[in-house]
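*Asks:* Below is the file my_file-v2.cif, with mmCIF, C-alpha atoms.
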```cif
data_input
#
loop_
_atom_site.group_PDB
_atom_site.id
_atom_site.type_symbol
_atom_site.label_atom_id
_atom_site.label_comp_id
_atom_site.auth_asym_id
_atom_site.auth_seq_id
_atom_site.Cartn_x
_atom_site.Cartn_y
_atom_site.Cartn_z
ATOM 1 C CA MET L 1 17.256 -15.090 -2.866
ATOM 2 C CA LYS L 2 14.831 -17.958 -2.596
ATOM 3 C CA HIS L 3 11.687 -17.782 -4.738
ATOM 4 C CA HIS L 4 8.915 -16.462 -2.531
ATOM 5 C CA SER L 5 5.141 -16.460 -2.667
ATOM 6 C CA ILE L 6 3.018 -13.646 -1.336
ATOM 7 C CA LEU L 7 -0.622 -13.789 -0.361
ATOM 8 C CA ILE L 8 -2.782 -10.654 -0.442
ATOM 9 C CA VAL L 9 -6.024 -10.684 1.533
ATOM 10 C CA ASP L 10 -8.700 -8.012 1.112
ATOM 11 C CA ASP L 11 -12.457 -8.193 0.680
ATOM 12 C CA GLU L 12 -12.244 -5.347 -1.870
ATOM 13 C CA LYS L 13 -11.351 -7.045 -5.145
ATOM 14 C CA ASN L 14 -10.134 -3.757 -6.665
ATOM 15 C CA VAL L 15 -7.494 -3.526 -3.937
ATOM 16 C CA LEU L 16 -6.321 -7.066 -4.716
ATOM 17 C CA SER L 17 -6.004 -6.158 -8.414
ATOM 18 C CA ALA L 18 -4.162 -2.926 -7.617
ATOM 19 C CA ILE L 19 -1.558 -4.721 -5.479
ATOM 20 C CA GLU L 20 -1.201 -7.468 -8.079
ATOM 21 C CA ARG L 21 -0.587 -4.754 -10.691
ATOM 22 C CA ALA L 22 1.977 -3.050 -8.460
ATOM 23 C CA LEU L 23 3.887 -6.303 -7.883
ATOM 24 C CA ARG L 24 3.469 -7.682 -11.409
ATOM 25 C CA LYS L 25 7.103 -7.195 -12.423
ATOM 26 C CA GLU L 26 8.540 -8.370 -9.117
ATOM 27 C CA PRO L 27 10.060 -11.865 -8.958
ATOM 28 C CA TYR L 28 7.431 -13.365 -6.662
ATOM 29 C CA THR L 29 4.379 -15.515 -7.050
ATOM 30 C CA VAL L 30 1.369 -13.491 -5.915
ATOM 31 C CA TYR L 31 -1.791 -15.181 -4.658
ATOM 32 C CA SER L 32 -4.910 -13.341 -3.577
ATOM 33 C CA ALA L 33 -7.926 -14.135 -1.416
ATOM 34 C CA ASP L 34 -11.018 -12.033 -0.717
ATOM 35 C CA SER L 35 -11.637 -13.493 2.735
ATOM 36 C CA ALA L 36 -9.683 -14.772 5.709
ATOM 37 C CA GLU L 37 -11.237 -18.240 5.275
ATOM 38 C CA LYS L 38 -10.056 -18.527 1.678
ATOM 39 C CA ALA L 39 -6.641 -17.219 2.696
ATOM 40 C CA LEU L 40 -6.241 -19.914 5.360
ATOM 41 C CA GLN L 41 -7.190 -22.622 2.841
ATOM 42 C CA LEU L 42 -4.609 -21.244 0.428
ATOM 43 C CA ILE L 43 -1.868 -21.155 3.077
ATOM 44 C CA LYS L 44 -2.610 -24.812 3.862
ATOM 45 C CA ALA L 45 -2.238 -25.773 0.218
ATOM 46 C CA ARG L 46 0.691 -23.580 -0.856
ATOM 47 C CA GLU L 47 3.959 -22.408 0.550
ATOM 48 C CA VAL L 48 3.543 -18.747 1.433
ATOM 49 C CA SER L 49 6.318 -16.493 2.780
ATOM 50 C CA LEU L 50 4.437 -13.233 3.302
ATOM 51 C CA VAL L 51 0.808 -12.283 3.927
ATOM 52 C CA ILE L 52 -0.443 -8.757 3.255
ATOM 53 C CA SER L 53 -3.848 -8.412 4.860
ATOM 54 C CA ASP L 54 -6.544 -5.782 5.154
ATOM 55 C CA TYR L 55 -7.608 -4.734 8.653
ATOM 56 C CA ASN L 56 -11.358 -4.415 8.123
ATOM 57 C CA MET L 57 -12.828 -7.571 6.711
ATOM 58 C CA PRO L 58 -16.254 -9.174 7.017
ATOM 59 C CA HIS L 59 -16.647 -12.108 9.462
ATOM 60 C CA THR L 60 -13.021 -12.019 10.660
ATOM 61 C CA ASN L 61 -11.185 -8.938 11.803
ATOM 62 C CA GLY L 62 -7.829 -8.627 10.000
ATOM 63 C CA LEU L 63 -6.020 -8.476 13.318
ATOM 64 C CA GLU L 64 -7.561 -11.754 14.519
ATOM 65 C CA PHE L 65 -6.686 -13.314 11.182
ATOM 66 C CA LEU L 66 -3.049 -12.249 11.454
ATOM 67 C CA LYS L 67 -2.878 -13.452 15.073
ATOM 68 C CA LYS L 68 -4.109 -16.833 13.852
ATOM 69 C CA ILE L 69 -1.394 -16.904 11.192
ATOM 70 C CA LYS L 70 1.233 -16.004 13.785
ATOM 71 C CA ASN L 71 0.102 -18.936 15.950
ATOM 72 C CA LEU L 72 -0.329 -21.496 13.182
ATOM 73 C CA TYR L 73 2.498 -20.470 10.861
ATOM 74 C CA PRO L 74 5.116 -18.519 12.834
ATOM 75 C CA HIS L 75 7.533 -18.541 9.873
ATOM 76 C CA ILE L 76 5.157 -16.434 7.750
ATOM 77 C CA LEU L 77 5.764 -12.682 7.885
ATOM 78 C CA THR L 78 2.718 -10.417 7.902
ATOM 79 C CA ILE L 79 1.992 -6.886 6.749
ATOM 80 C CA MET L 80 -1.209 -5.084 7.669
ATOM 81 C CA LEU L 81 -2.909 -2.817 5.170
ATOM 82 C CA THR L 82 -5.455 -0.343 6.445
ATOM 83 C CA GLY L 83 -7.374 2.807 5.678
ATOM 84 C CA GLN L 84 -7.520 3.672 9.382
ATOM 85 C CA ALA L 85 -4.667 5.717 10.767
ATOM 86 C CA GLU L 86 -5.392 4.945 14.429
ATOM 87 C CA VAL L 87 -2.249 4.442 16.437
ATOM 88 C CA GLU L 88 -3.973 1.902 18.728
ATOM 89 C CA VAL L 89 -4.660 -0.365 15.774
ATOM 90 C CA ALA L 90 -1.027 -0.166 14.659
ATOM 91 C CA VAL L 91 0.291 -0.829 18.159
ATOM 92 C CA GLU L 92 -1.994 -3.827 18.669
ATOM 93 C CA ALA L 93 -1.116 -5.157 15.220
ATOM 94 C CA ILE L 94 2.586 -4.996 15.964
ATOM 95 C CA ASN L 95 2.429 -6.201 19.561
ATOM 96 C CA ALA L 96 -0.333 -8.786 19.544
ATOM 97 C CA ALA L 97 -0.225 -10.095 16.004
ATOM 98 C CA GLY L 98 3.517 -9.696 15.424
ATOM 99 C CA VAL L 99 2.878 -7.671 12.285
ATOM 100 C CA TYR L 100 6.132 -6.778 10.547
ATOM 101 C CA LYS L 101 4.870 -3.597 8.868
ATOM 102 C CA PHE L 102 1.794 -1.430 8.871
ATOM 103 C CA ILE L 103 0.867 0.194 5.537
ATOM 104 C CA LEU L 104 -1.752 2.892 5.078
ATOM 105 C CA LYS L 105 -4.102 2.941 2.099
ATOM 106 C CA PRO L 106 -3.577 4.325 -0.436
ATOM 107 C CA TRP L 107 -0.033 3.094 -0.513
ATOM 108 C CA ASP L 108 2.792 4.282 -2.702
ATOM 109 C CA ASP L 109 3.656 1.508 -5.178
ATOM 110 C CA GLU L 110 7.410 2.048 -4.836
ATOM 111 C CA ASP L 111 7.185 2.003 -1.019
ATOM 112 C CA LEU L 112 5.121 -1.160 -1.177
ATOM 113 C CA LYS L 113 7.666 -2.877 -3.437
ATOM 114 C CA ILE L 114 10.535 -1.860 -1.134
ATOM 115 C CA THR L 115 8.644 -3.001 1.964
ATOM 116 C CA VAL L 116 7.875 -6.369 0.389
ATOM 117 C CA ARG L 117 11.465 -6.773 -0.807
ATOM 118 C CA ARG L 118 12.848 -5.968 2.678
ATOM 119 C CA SER L 119 10.363 -8.302 4.348
ATOM 120 C CA LEU L 120 11.429 -11.156 2.107
ATOM 121 C CA GLU L 121 15.105 -10.326 2.609
ATOM 122 C CA SER L 122 14.558 -10.511 6.368
ATOM 123 C CA ILE L 123 12.982 -13.959 5.899
ATOM 124 C CA ASP L 124 16.025 -15.049 3.883
ATOM 125 C CA LEU L 125 18.382 -13.637 6.520
ATOM 126 C CA ALA L 126 16.515 -15.422 9.308
ATOM 127 C CA SER L 127 16.649 -18.702 7.446
ATOM 128 C CA GLU L 128 20.388 -18.239 6.727
ATOM 129 C CA ARG L 129 20.932 -17.462 10.432
ATOM 130 C CA ASP L 130 19.053 -20.657 11.380
ATOM 131 C CA ARG L 131 21.087 -22.682 8.885
ATOM 132 C CA LEU L 132 24.400 -21.370 10.256
ATOM 133 C CA LEU L 133 23.265 -21.868 13.840
ATOM 134 C CA GLN L 134 22.378 -25.460 13.013
ATOM 135 C CA LYS L 135 25.822 -25.939 11.452
ATOM 136 C CA VAL L 136 27.553 -24.569 14.558
ATOM 137 C CA LYS L 137 25.423 -26.794 16.787
ATOM 138 C CA SER L 138 26.285 -29.898 14.812
ATOM 139 C CA ARG L 139 30.010 -29.026 14.923
ATOM 140 C CA ASP L 140 29.694 -28.532 18.685
ATOM 141 C CA ALA L 141 28.116 -31.958 18.943
ATOM 142 C CA ILE L 142 31.017 -33.521 16.994
ATOM 143 C CA LEU L 143 33.557 -31.765 19.262
ATOM 144 C CA ASN L 144 31.697 -32.914 22.367
ATOM 145 C CA ASP L 145 31.758 -36.501 21.070
ATOM 146 C CA LEU L 146 35.488 -36.255 20.384
ATOM 147 C CA GLU L 147 36.101 -34.733 23.809
ATOM 148 C CA ALA L 148 34.200 -37.611 25.403
ATOM 149 C CA LYS L 149 36.311 -40.145 23.513
ATOM 150 C CA PHE L 150 39.642 -38.299 23.778
ATOM 151 C CA PRO L 151 39.558 -36.028 26.829
ATOM 152 C CA GLY L 152 41.475 -32.789 26.330
ATOM 153 C CA ILE L 153 41.462 -32.989 22.527
ATOM 154 C CA SER L 154 39.377 -29.878 22.098
ATOM 155 C CA LYS L 155 41.243 -27.929 24.724
ATOM 156 C CA VAL L 156 42.859 -24.812 23.325
ATOM 157 C CA HIS L 157 46.203 -23.607 24.752
ATOM 158 C CA LYS L 158 47.075 -19.950 24.511
ATOM 159 C CA ASP L 159 50.201 -18.032 25.467
ATOM 160 C CA ASP L 160 50.271 -14.839 27.550
ATOM 161 C CA ASN L 161 49.576 -12.744 24.466
ATOM 162 C CA GLY L 162 46.510 -14.763 23.548
ATOM 163 C CA TYR L 163 48.152 -16.608 20.617
ATOM 164 C CA LEU L 164 47.179 -20.231 20.028
ATOM 165 C CA ILE L 165 49.870 -22.762 20.895
ATOM 166 C CA LEU L 166 50.015 -25.678 18.486
ATOM 167 C CA GLN L 167 51.390 -28.808 20.122
ATOM 168 C CA MET F 1 -13.913 27.580 0.168
ATOM 169 C CA ASN F 2 -12.116 24.281 0.654
ATOM 170 C CA THR F 3 -14.610 22.145 2.543
ATOM 171 C CA PRO F 4 -14.304 18.386 1.968
ATOM 172 C CA GLU F 5 -17.546 18.443 -0.050
ATOM 173 C CA HIS F 6 -16.192 21.208 -2.243
ATOM 174 C CA LEU F 7 -12.926 19.347 -2.811
ATOM 175 C CA ASP F 8 -14.817 16.155 -3.549
ATOM 176 C CA ARG F 9 -16.865 17.851 -6.247
ATOM 177 C CA HIS F 10 -13.725 19.208 -7.896
ATOM 178 C CA LEU F 11 -11.968 15.929 -7.559
ATOM 179 C CA PHE F 12 -14.839 14.112 -9.166
ATOM 180 C CA LYS F 13 -15.229 16.566 -12.055
ATOM 181 C CA ASN F 14 -11.954 15.328 -13.493
ATOM 182 C CA LEU F 15 -12.559 11.669 -13.025
ATOM 183 C CA LYS F 16 -14.554 9.130 -14.924
ATOM 184 C CA ALA F 17 -15.152 5.631 -13.626
ATOM 185 C CA LEU F 18 -13.232 3.113 -15.697
ATOM 186 C CA SER F 19 -16.029 0.675 -15.411
ATOM 187 C CA GLU F 20 -19.499 2.014 -14.730
ATOM 188 C CA SER F 21 -20.531 -1.639 -14.602
ATOM 189 C CA SER F 22 -18.875 -1.855 -11.196
ATOM 190 C CA PHE F 23 -21.839 0.161 -9.897
ATOM 191 C CA PRO F 24 -23.931 -0.440 -7.909
ATOM 192 C CA LYS F 25 -20.986 -1.128 -5.664
ATOM 193 C CA LYS F 26 -21.568 -3.057 -2.454
ATOM 194 C CA CYS F 27 -19.388 -2.861 0.632
ATOM 195 C CA GLY F 28 -18.271 -6.386 1.500
ATOM 196 C CA SER F 29 -18.227 -5.583 5.208
ATOM 197 C CA CYS F 30 -21.571 -3.884 5.923
ATOM 198 C CA GLY F 31 -23.521 -4.366 2.690
ATOM 199 C CA GLU F 32 -23.985 -0.648 2.014
ATOM 200 C CA VAL F 33 -24.764 -0.108 -1.661
ATOM 201 C CA TYR F 34 -23.449 2.812 -3.740
ATOM 202 C CA GLU F 35 -25.576 3.188 -6.840
ATOM 203 C CA SER F 36 -23.210 5.354 -8.865
ATOM 204 C CA SER F 37 -19.700 6.767 -8.830
ATOM 205 C CA GLU F 38 -21.161 10.148 -7.750
ATOM 206 C CA GLN F 39 -22.867 8.531 -4.768
ATOM 207 C CA PHE F 40 -19.690 6.598 -3.980
ATOM 208 C CA VAL F 41 -17.749 9.859 -3.654
ATOM 209 C CA GLN F 42 -20.508 11.716 -1.798
ATOM 210 C CA LYS F 43 -21.504 9.077 0.770
ATOM 211 C CA THR F 44 -18.062 7.807 1.711
ATOM 212 C CA ALA F 45 -15.382 9.522 3.780
ATOM 213 C CA ASP F 46 -11.802 10.353 2.971
ATOM 214 C CA VAL F 47 -9.137 7.894 4.054
ATOM 215 C CA ALA F 48 -7.229 8.945 7.159
ATOM 216 C CA GLY F 49 -7.602 12.638 6.339
ATOM 217 C CA ARG F 50 -6.021 12.267 2.914
ATOM 218 C CA SER F 51 -7.452 12.598 -0.586
ATOM 219 C CA GLY F 52 -7.326 8.830 -1.132
ATOM 220 C CA LEU F 53 -6.132 9.362 -4.696
ATOM 221 C CA LYS F 54 -3.355 7.257 -6.103
ATOM 222 C CA SER F 55 -2.071 7.071 -9.627
ATOM 223 C CA GLY F 56 -1.289 3.728 -11.143
ATOM 224 C CA ARG F 57 -0.978 1.789 -14.358
ATOM 225 C CA GLY F 58 -3.987 -0.093 -15.625
ATOM 226 C CA ASP F 59 -3.984 -3.634 -16.954
ATOM 227 C CA CYS F 60 -3.259 -2.291 -20.446
ATOM 228 C CA GLY F 61 -0.441 -0.072 -19.189
ATOM 229 C CA GLY F 62 -2.448 3.185 -19.383
ATOM 230 C CA GLN F 63 -2.474 5.715 -16.575
ATOM 231 C CA ILE F 64 -5.340 5.260 -14.147
ATOM 232 C CA VAL F 65 -6.454 6.934 -10.959
ATOM 233 C CA GLU F 66 -7.289 4.737 -7.980
ATOM 234 C CA LEU F 67 -9.639 6.332 -5.482
ATOM 235 C CA PHE F 68 -9.754 4.957 -1.944
ATOM 236 C CA ARG F 69 -12.713 5.948 0.246
ATOM 237 C CA ASN F 70 -13.868 4.730 3.626
ATOM 238 C CA CYS F 71 -17.356 3.234 3.741
ATOM 239 C CA ILE F 72 -19.632 4.353 6.588
ATOM 240 C CA CYS F 73 -18.672 1.113 8.388
ATOM 241 C CA GLY F 74 -14.958 2.022 8.214
ATOM 242 C CA SER F 75 -14.008 -0.488 5.553
ATOM 243 C CA THR F 76 -11.831 0.955 2.781
ATOM 244 C CA LEU F 77 -13.314 0.694 -0.692
ATOM 245 C CA MET F 78 -11.525 1.438 -3.915
ATOM 246 C CA GLU F 79 -12.589 2.322 -7.420
ATOM 247 C CA CYS F 80 -10.532 2.832 -10.572
ATOM 248 C CA PHE F 81 -10.982 5.889 -12.727
ATOM 249 C CA ASN F 82 -9.208 7.379 -15.666
ATOM 250 C CA ASP F 83 -8.347 11.002 -15.907
ATOM 251 C CA ARG F 84 -10.419 13.019 -18.292
ATOM 252 C CA ARG F 85 -7.245 14.929 -19.067
ATOM 253 C CA ASP F 86 -7.214 16.042 -22.672
ATOM 254 C CA LEU F 87 -3.948 14.899 -24.237
ATOM 255 C CA SER F 88 -4.651 16.450 -27.649
ATOM 256 C CA LYS F 89 -2.449 19.324 -28.912
ATOM 257 C CA ALA F 90 -5.057 21.868 -27.780
ATOM 258 C CA GLY F 91 -5.444 20.116 -24.436
ATOM 259 C CA LEU F 92 -1.696 20.133 -23.817
ATOM 260 C CA LYS F 93 -1.597 23.849 -24.708
ATOM 261 C CA ARG F 94 -4.404 24.547 -22.213
ATOM 262 C CA ARG F 95 -2.509 22.642 -19.515
ATOM 263 C CA GLU F 96 0.643 24.605 -20.256
ATOM 264 C CA LEU F 97 -1.326 27.860 -19.960
ATOM 265 C CA PHE F 98 -2.881 26.640 -16.701
ATOM 266 C CA GLY F 99 0.620 25.933 -15.344
ATOM 267 C CA ARG F 100 1.839 29.392 -16.382
ATOM 268 C CA LEU F 101 -1.141 31.062 -14.714
ATOM 269 C CA MET F 102 -0.545 29.046 -11.560
ATOM 270 C CA THR F 103 3.045 30.310 -11.462
ATOM 271 C CA ILE F 104 1.911 33.926 -11.907
ATOM 272 C CA LEU F 105 -0.760 33.675 -9.205
ATOM 273 C CA LYS F 106 1.644 32.032 -6.754
ATOM 274 C CA LYS F 107 4.172 34.811 -7.431
ATOM 275 C CA LYS F 108 1.418 37.293 -6.624
ATOM 276 C CA GLY F 109 1.123 35.632 -3.208
ATOM 277 C CA LEU F 110 -1.885 33.360 -3.699
ATOM 278 C CA PRO F 111 -1.489 29.933 -2.029
ATOM 279 C CA ALA F 112 -1.262 27.095 -4.603
ATOM 280 C CA ASP F 113 -4.516 25.420 -3.478
ATOM 281 C CA GLN F 114 -6.463 28.641 -3.748
ATOM 282 C CA ALA F 115 -4.887 29.556 -7.091
ATOM 283 C CA ARG F 116 -5.919 26.174 -8.501
ATOM 284 C CA THR F 117 -9.465 26.515 -7.108
ATOM 285 C CA GLU F 118 -9.885 30.013 -8.566
ATOM 286 C CA LEU F 119 -8.567 28.956 -11.974
ATOM 287 C CA LEU F 120 -10.865 25.937 -11.985
ATOM 288 C CA LYS F 121 -13.799 28.262 -11.250
ATOM 289 C CA LEU F 122 -12.985 30.235 -14.391
ATOM 290 C CA ILE F 123 -12.577 27.086 -16.459
ATOM 291 C CA HIS F 124 -16.024 25.982 -15.328
ATOM 292 C CA GLY F 125 -17.477 29.366 -16.289
ATOM 293 C CA GLU F 126 -17.858 30.703 -12.744
ATOM 294 C CA ASN F 127 -16.764 34.115 -11.480
ATOM 295 C CA SER F 128 -13.650 34.538 -9.390
ATOM 296 C CA PRO F 129 -13.897 37.664 -7.225
ATOM 297 C CA VAL F 130 -10.473 36.804 -5.757
ATOM 298 C CA LEU F 131 -8.774 36.993 -9.145
ATOM 299 C CA GLU F 132 -10.801 40.074 -10.121
ATOM 300 C CA GLN F 133 -9.637 41.814 -6.939
ATOM 301 C CA MET F 134 -6.077 40.978 -7.870
ATOM 302 C CA GLY F 135 -6.595 42.760 -11.149
ATOM 303 C CA VAL F 136 -6.489 39.599 -13.235
ATOM 304 C CA LYS F 137 -8.704 40.037 -16.285
ATOM 305 C CA PHE F 138 -9.843 37.277 -18.584
ATOM 306 C CA LYS F 139 -11.144 37.501 -22.091
ATOM 307 C CA SER F 140 -13.866 35.052 -22.972
ATOM 308 C CA ALA F 141 -13.105 32.952 -26.038
#
```
So, in terms of C-alpha cells, how does the structure I just supplied come out?
*Replies:*
Amino acid sequence: MKHHSILIVDDEKNVLSAIERALRKEPYTVYSADSAEKALQLIKAREVSLVISDYNMPHTNGLEFLKKIKNLYPHILTIMLTGQAEVEVAVEAINAAGVYKFILKPWDDEDLKITVRRSLESIDLASERDRLLQKVKSRDAILNDLEAKFPGISKVHKDDNGYLILQ
Amino acid sequence: MNTPEHLDRHLFKNLKALSESSFPKKCGSCGEVYESSEQFVQKTADVAGRSGLKSGRGDCGGQIVELFRNCICGSTLMECFNDRRDLSKAGLKRRELFGRLMTILKKKGLPADQARTELLKLIHGENSPVLEQMGVKFKSA
C-alpha cells in the first residue's frame, strides 16, 4: 500500500485531536485544519489522499467544501462527519459531493479506522486499475502499429473448438 | 423518570472536565458561549438522539470520556472528561456490589435502565420507592 496522507477538517479543535488520537497508530500522515480555507491551502501544498470533513462549519458549509474538493481534486476521496442524522444531508452528500462515506458523531474508533483503511484501499485499487488499463492501452497501440506495418499479423486463427492455431 | 434533563444530570454527576480552562467554550459556528461544563451540558442538545458519550484514550494513554453535544446552531461541539470512577480497592468493591445488585434487580424484572437509576438514587442518598415496594431494604453505613 502506498503511503497516504489524510486531512481532517473541523472547526472544533477537540474533534480534530480526538481523530488524531484515534488514528495515531495507523500508518498514515494525518494533517488537520480548523476551517475549509486552511484545508484548501493545505491540499494545495501537500499530497492528500483522503479528506474527512465536518458538515457544519463557519463561513463554508461542509457540503460546499467537499463539492469544491470533488471539482478541483477528483482523485481525493472524501468522508463526511456530522452530528446530524438527517437522511437528506446524507443523500445530498453522497449524490452532489460524491462523498464516499458518511460518519455520525460520536464515531466508534474501530469503525473509523476500518472506514479509513477501506477508503485508502479503494484509492489504491483505483490507481492499480488505471495503471493496468494504461498498460493494456499501450499494448493495443503497439499491436495497431504492427498491424498497420504488417497487415494480418495480429489476426488470431481458431479452430472449431475455439483453440488457437499457431502457424 | 428518564427525561433528557434527568439523564443529563446523572451523566454529568460522574464526569469531570479534563480541562476546566477550556471554559468558557465558544461555538466556532454561531459564537454561543458556554461558561462552564455544567452550562455546556444543560444548554446543548444530544447528538442525533444518542447520549453523545464516547470513551477514548487521552494523550497520556489514560481512559477519557469524550462528550459530543449539539450547539443551539446545530454545530457539534465536543469536550473531554475523565471518569470520576474510584479505582481504589474500596471503589472496586463498591462497583462489584453495584453490579451484583443490578443483576438481582434485573432478575426481579426491573429494566436495566430503571435499576441503574434507582441504585444511583440510593447512592446519592435519595429514597427509592420502587426498590422499597420490591421489598429491597438497605442498611445505612
*Asks:* Using all atoms listed in the file, which of F:Ser29, F:Thr76, F:Arg94, F:Gly56 sits nearest Glu110 (chain L)?
*Replies:*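 Smallest separation from Glu110 (chain L) among the options: F:Gly56.
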*Asks:* Dump as a PyMOL selection string all residues having an atom at most 10 Å from (-21.6, -7.8, 3.6), computed in the file's coordinates with all atoms listed in the file.
*Replies:* (chain L and resi 11+57-59) or (chain F and resi 26-33)
*Asks:* Could you tell me, as a list in words, exactly which residues end up selected when the PyMOL selection byres ((chain F) within 7 of (chain L)) is applied to this structure?
*Replies:*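 Applying the expression gives Gly28, Ser29, Val47, Ala48, Gly52, Lys54, Phe68, Ser75, Thr76, Leu77, Met78 and Glu79 of chain F.
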*Asks:* Determine the residue membership of the PyMOL selection byres ((chain L and resi 93-99) around 8) for the file above and supply it as a compact mmCIF listing (two decimals) with C-alpha atoms, in the coordinates of the input.
*Replies:*
```
# COMPACT_ATOMS: atom_id res chain seq x y z
CA LEU L 63 -6.02 -8.48 13.32
CA GLU L 64 -7.56 -11.75 14.52
CA LEU L 66 -3.05 -12.25 11.45
CA LYS L 67 -2.88 -13.45 15.07
CA LYS L 70 1.23 -16.00 13.78
CA LEU L 77 5.76 -12.68 7.88
CA THR L 78 2.72 -10.42 7.90
CA ILE L 79 1.99 -6.89 6.75
CA MET L 80 -1.21 -5.08 7.67
CA VAL L 89 -4.66 -0.36 15.77
CA ALA L 90 -1.03 -0.17 14.66
CA VAL L 91 0.29 -0.83 18.16
CA GLU L 92 -1.99 -3.83 18.67
CA TYR L 100 6.13 -6.78 10.55
CA LYS L 101 4.87 -3.60 8.87
CA PHE L 102 1.79 -1.43 8.87
```
*Asks:* So what do you get for CA of Leu166 (chain L) versus CA of Ser138 (chain L), distance-wise?
*Replies:* 24.4 Å
*Asks:* I'd like the interatomic distance between CA of Ser53 (chain L) and CA of Ala36 (chain L), to a tenth of an Å.
*Replies:*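 Separation between CA of Ser53 (chain L) and CA of Ala36 (chain L): 8.7 Å.
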*Asks:* Let me know the residues the PyMOL selection byres ((chain L and resi 7) around 9) catches in the file above, as a list in words.
*Replies:*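 When the PyMOL selection byres ((chain L and resi 7) around 9) is applied to the shown file, the picked residues are Ser5, Ile6, Ile8, Val9, Thr29, Val30, Tyr31, Ser32, Ala33, Ala39, Leu42, Ile43, Val48, Ser49, Leu50, Val51, Ile52 and Ser53 of chain L.
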*Asks:* By how many Å are CA of Leu40 (chain L) and CA of Thr115 (chain L) apart?
*Replies:*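 Here the two named atoms are 22.8 Å from each other.
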*Asks:* Counting all atoms listed in the file, figure out which residue out of F:Gly135, F:Pro129, F:Pro24, F:Gly74 gets nearest to Asp46 (chain F).
*Replies:*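 Result for the nearest residue to Asp46 (chain F): F:Gly74.
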*Asks:* I'd like to know which of L:Leu112, L:Asn161, L:Asp124, L:Leu133 is closest to His75 (chain L), using only C-alpha atoms.
*Replies:*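 Nearest to His75 (chain L): L:Asp124.
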